[in-house]
Amino acid sequence: MPTVEQARAWYPEYDAVHGFDHILRVLKLAERLAAAEGADPEIVRAAVLLHDASGGETGSAQRKEHQYLSADFAAEVLAAEGWAAERIAAVQHCIVAHRFRGSEHPQTIEAQVLFDADKLDVIGAFGVLRSIAYDVSVGEPVFAEPSQTFLETGEWEPGEPHSSYHEFLFKLKKIKDRLYTATAKEIAAGRHQFMAEFFAQLLAEHRGER
């Protein structure tokens with residue numbers, strides 16, 4: 001079984017969005033979900049520790065395919081530990097299916113647990129912090145009022161920035177409705193409310209209304 005200390009070497013300390021701190025938070029959530037939902041804890045733990053291990057850094061050119069790269073890396077790590085082929089495949093499925101914008105959906109309870117734990121970390125207080133950290137890291141404004149085109153279609157106009165408020169409207173506010181497990185949905189309710197109130201306050205302050 002890969003250890004937390006092993007995993008530390010696979011993730012950059014400096015990445016405030018997809019770094020090692022993210023892995024530790026997801027691990028705590030995933031262990032909670034796995035216990036409540038009856039998932040295999042060993043499969044879940046290995047999948048969490050490895051799910052962003054290759055190409056997952058913020059701003060990486062490989063970010064869009066990191067789920068496949070990380071699944072391949074996971075197979076190497078677990079095979080070296082002597083894992084059975086079917087359990088390696090189970091971990092790989094969790095990793096390939098964890099991406100919100102990915103084409104593969106989680107088919108097992110273990111994959112659903114990883115998906116949900118990973119997505120819970122993009123909403124709530126840490127979700128707000130991570131969205132702002134992303135903007136800072138890639139040189140985008142932390143807030144910009146969206147164009148009418150974006151509000152109506154979700155499409156950016158030429159030159160329109162990708163602010164944290166855009167990300168809230170485009171993705172973050174939809175997370176609670178994309179979760180699979182009952183336990184994650186319960187956790188998401190409070191996190192979603194906090195996040196929605198934060199961005200409503202942000203917009204109101206920008207407009208000078210509060």
# chains A, B, ... in the order shown; residues from 1 in each chain; ligands from 1

$ select_by_dssp --residues "range 125-206 of chain A" --states "alpha helix (DSSP H)" --output "NGL selection string"
:A and (125-138 or 148-153 or 164-170 or 182-206)

$ write_last_selection --atoms "C-alpha atoms" --output "PDB file, in the first residue's frame"
ATOM      1  CA  ALA A 125     -14.088  27.430   2.189  1.00  0.00           C
ATOM      2  CA  PHE A 126     -11.196  25.552   0.611  1.00  0.00           C
ATOM      3  CA  GLY A 127     -12.991  25.625  -2.715  1.00  0.00           C
ATOM      4  CA  VAL A 128     -13.032  29.417  -2.573  1.00  0.00           C
ATOM      5  CA  LEU A 129      -9.354  29.527  -1.584  1.00  0.00           C
ATOM      6  CA  ARG A 130      -8.385  27.116  -4.361  1.00  0.00           C
ATOM      7  CA  SER A 131     -10.267  29.039  -7.056  1.00  0.00           C
ATOM      8  CA  ILE A 132      -8.554  32.275  -6.023  1.00  0.00           C
ATOM      9  CA  ALA A 133      -5.166  30.540  -5.795  1.00  0.00           C
ATOM     10  CA  TYR A 134      -5.652  29.209  -9.321  1.00  0.00           C
ATOM     11  CA  ASP A 135      -6.295  32.708 -10.691  1.00  0.00           C
ATOM     12  CA  VAL A 136      -3.212  34.079  -8.959  1.00  0.00           C
ATOM     13  CA  SER A 137      -1.029  31.216 -10.189  1.00  0.00           C
ATOM     14  CA  VAL A 138      -2.017  31.610 -13.862  1.00  0.00           C
ATOM     15  CA  GLN A 148     -23.770  38.601 -21.011  1.00  0.00           C
ATOM     16  CA  THR A 149     -22.604  35.908 -23.423  1.00  0.00           C
ATOM     17  CA  PHE A 150     -21.039  33.957 -20.584  1.00  0.00           C
ATOM     18  CA  LEU A 151     -24.117  34.330 -18.386  1.00  0.00           C
ATOM     19  CA  GLU A 152     -26.387  33.072 -21.141  1.00  0.00           C
ATOM     20  CA  THR A 153     -24.258  30.347 -22.715  1.00  0.00           C
ATOM     21  CA  SER A 164     -12.954  32.708  -9.708  1.00  0.00           C
ATOM     22  CA  TYR A 165     -16.490  34.058 -10.120  1.00  0.00           C
ATOM     23  CA  HIS A 166     -16.587  32.681 -13.655  1.00  0.00           C
ATOM     24  CA  GLU A 167     -15.452  29.313 -12.286  1.00  0.00           C
ATOM     25  CA  PHE A 168     -18.203  29.414  -9.674  1.00  0.00           C
ATOM     26  CA  LEU A 169     -20.863  29.987 -12.319  1.00  0.00           C
ATOM     27  CA  PHE A 170     -19.350  27.555 -14.834  1.00  0.00           C
ATOM     28  CA  ALA A 182     -25.462  10.112  -0.006  1.00  0.00           C
ATOM     29  CA  THR A 183     -22.741  10.983   2.503  1.00  0.00           C
ATOM     30  CA  ALA A 184     -21.022  13.381   0.117  1.00  0.00           C
ATOM     31  CA  LYS A 185     -24.324  15.048  -0.745  1.00  0.00           C
ATOM     32  CA  GLU A 186     -24.931  15.724   2.948  1.00  0.00           C
ATOM     33  CA  ILE A 187     -21.480  17.271   3.350  1.00  0.00           C
ATOM     34  CA  ALA A 188     -21.877  19.283   0.149  1.00  0.00           C
ATOM     35  CA  ALA A 189     -25.028  21.065   1.311  1.00  0.00           C
ATOM     36  CA  GLY A 190     -23.263  23.220   3.892  1.00  0.00           C
ATOM     37  CA  ARG A 191     -20.193  23.754   1.745  1.00  0.00           C
ATOM     38  CA  HIS A 192     -22.290  24.850  -1.203  1.00  0.00           C
ATOM     39  CA  GLN A 193     -24.256  27.321   0.906  1.00  0.00           C
ATOM     40  CA  PHE A 194     -21.087  28.919   2.277  1.00  0.00           C
ATOM     41  CA  MET A 195     -19.550  29.194  -1.189  1.00  0.00           C
ATOM     42  CA  ALA A 196     -22.694  30.604  -2.808  1.00  0.00           C
ATOM     43  CA  GLU A 197     -23.018  33.238  -0.065  1.00  0.00           C
ATOM     44  CA  PHE A 198     -19.350  34.186  -0.456  1.00  0.00           C
ATOM     45  CA  PHE A 199     -19.646  34.762  -4.201  1.00  0.00           C
ATOM     46  CA  ALA A 200     -22.942  36.624  -3.788  1.00  0.00           C
ATOM     47  CA  GLN A 201     -21.212  38.923  -1.291  1.00  0.00           C
ATOM     48  CA  LEU A 202     -18.235  39.322  -3.630  1.00  0.00           C
ATOM     49  CA  LEU A 203     -20.469  40.366  -6.510  1.00  0.00           C
ATOM     50  CA  ALA A 204     -22.454  42.767  -4.316  1.00  0.00           C
ATOM     51  CA  GLU A 205     -19.297  44.425  -2.996  1.00  0.00           C
ATOM     52  CA  HIS A 206     -17.933  44.750  -6.536  1.00  0.00           C
TER      53      HIS A 206
END

$ residues_around --residues "Ala90 in chain A" --least-positions-apart "3" --cutoff "9 Å" --atoms "only C-alpha atoms" --output "list of chain:residue names"
A:Ile43, A:Ala47, A:Ala85, A:Glu86, A:Arg87, A:His93, A:Cys94, A:Ile95, A:Thr108, A:Glu110, A:Ala111

$ write_last_selection --atoms "N, CA, C and O atoms" --output "PDB file, in the first residue's frame"
ATOM      1  N   ILE A  43      -8.483   0.120  -1.818  1.00  0.00           N
ATOM      2  CA  ILE A  43      -8.604   0.650  -3.181  1.00  0.00           C
ATOM      3  C   ILE A  43      -8.751   2.162  -3.136  1.00  0.00           C
ATOM      4  O   ILE A  43      -8.099   2.901  -3.892  1.00  0.00           O
ATOM      5  N   ALA A  47      -6.065   4.960  -4.561  1.00  0.00           N
ATOM      6  CA  ALA A  47      -6.538   5.838  -5.628  1.00  0.00           C
ATOM      7  C   ALA A  47      -6.383   7.305  -5.253  1.00  0.00           C
ATOM      8  O   ALA A  47      -5.978   8.133  -6.075  1.00  0.00           O
ATOM      9  N   ALA A  85      -3.608  -7.954 -10.495  1.00  0.00           N
ATOM     10  CA  ALA A  85      -3.975  -7.168 -11.675  1.00  0.00           C
ATOM     11  C   ALA A  85      -5.362  -6.572 -11.568  1.00  0.00           C
ATOM     12  O   ALA A  85      -5.596  -5.416 -11.961  1.00  0.00           O
ATOM     13  N   GLU A  86      -6.324  -7.330 -11.022  1.00  0.00           N
ATOM     14  CA  GLU A  86      -7.695  -6.825 -10.952  1.00  0.00           C
ATOM     15  C   GLU A  86      -7.832  -5.675  -9.954  1.00  0.00           C
ATOM     16  O   GLU A  86      -8.644  -4.759 -10.146  1.00  0.00           O
ATOM     17  N   ARG A  87      -7.012  -5.672  -8.905  1.00  0.00           N
ATOM     18  CA  ARG A  87      -7.071  -4.571  -7.933  1.00  0.00           C
ATOM     19  C   ARG A  87      -6.355  -3.340  -8.479  1.00  0.00           C
ATOM     20  O   ARG A  87      -6.775  -2.212  -8.213  1.00  0.00           O
ATOM     21  N   HIS A  93      -9.337   2.581 -12.572  1.00  0.00           N
ATOM     22  CA  HIS A  93     -10.661   3.091 -12.937  1.00  0.00           C
ATOM     23  C   HIS A  93     -11.038   4.284 -12.063  1.00  0.00           C
ATOM     24  O   HIS A  93     -11.553   5.290 -12.564  1.00  0.00           O
ATOM     25  N   CYS A  94     -10.775   4.190 -10.770  1.00  0.00           N
ATOM     26  CA  CYS A  94     -11.054   5.320  -9.872  1.00  0.00           C
ATOM     27  C   CYS A  94     -10.358   6.587 -10.370  1.00  0.00           C
ATOM     28  O   CYS A  94     -10.955   7.670 -10.413  1.00  0.00           O
ATOM     29  N   ILE A  95      -9.099   6.446 -10.735  1.00  0.00           N
ATOM     30  CA  ILE A  95      -8.295   7.604 -11.134  1.00  0.00           C
ATOM     31  C   ILE A  95      -8.760   8.173 -12.469  1.00  0.00           C
ATOM     32  O   ILE A  95      -8.940   9.394 -12.615  1.00  0.00           O
ATOM     33  N   THR A 108     -17.872   2.180 -10.038  1.00  0.00           N
ATOM     34  CA  THR A 108     -17.796   1.419  -8.790  1.00  0.00           C
ATOM     35  C   THR A 108     -17.961   2.358  -7.610  1.00  0.00           C
ATOM     36  O   THR A 108     -17.771   3.576  -7.736  1.00  0.00           O
ATOM     37  N   GLU A 110     -16.014   2.602  -5.140  1.00  0.00           N
ATOM     38  CA  GLU A 110     -14.697   3.185  -4.841  1.00  0.00           C
ATOM     39  C   GLU A 110     -14.407   4.381  -5.739  1.00  0.00           C
ATOM     40  O   GLU A 110     -13.903   5.414  -5.277  1.00  0.00           O
ATOM     41  N   ALA A 111     -14.752   4.264  -7.022  1.00  0.00           N
ATOM     42  CA  ALA A 111     -14.551   5.377  -7.948  1.00  0.00           C
ATOM     43  C   ALA A 111     -15.467   6.542  -7.591  1.00  0.00           C
ATOM     44  O   ALA A 111     -15.082   7.708  -7.692  1.00  0.00           O
TER      45      ALA A 111
END

$ residues_around --residues "range 76-79 of chain A" --least-positions-apart "5" --cutoff "9 Å" --atoms "only C-alpha atoms" --output "PDB file with C-alpha atoms, in the first residue's frame"
ATOM      1  CA  MET A   1       0.000   0.000   0.000  1.00  0.00           C
ATOM      2  CA  PRO A   2       1.436   3.407  -0.938  1.00  0.00           C
ATOM      3  CA  ALA A  46      -4.380   3.987  -3.093  1.00  0.00           C
ATOM      4  CA  ALA A  71      -3.506   5.845 -13.833  1.00  0.00           C
ATOM      5  CA  ALA A  84      -3.088  -8.295  -8.156  1.00  0.00           C
ATOM      6  CA  ALA A  85      -3.975  -7.168 -11.675  1.00  0.00           C
ATOM      7  CA  ILE A  88      -4.669  -2.425  -9.922  1.00  0.00           C
TER       8      ILE A  88
END

$ closest_residue --among "A:Ala34, A:Pro161, A:Ala9, A:Ala16" --to "Gly139 in chain A" --atoms "only C-alpha atoms"
A:Pro161

$ closest_residue --among "A:Lys173, A:Arg210, A:His162, A:Arg8" --to "Ile23 in chain A" --atoms "only C-alpha atoms"
A:Arg8

$ atom_distance --atom1 "CA of Glu65 in chain A" --atom2 "CA of Ile109 in chain A"
22.8 Å

$ residues_around --residues "Leu114 in chain A" --least-positions-apart "5" --cutoff "10 Å" --atoms "only C-alpha atoms" --output "list in words"
Val26, Leu27, Leu29, Ala30, Glu31, Leu33, Ala34, Ile43, Val44, Arg45, Ala47, Val48, His51, Val91, Cys94, Ile95, Ala97, His98, Arg99, Pro106, Ile109, Lys119 and Leu120 of chain A
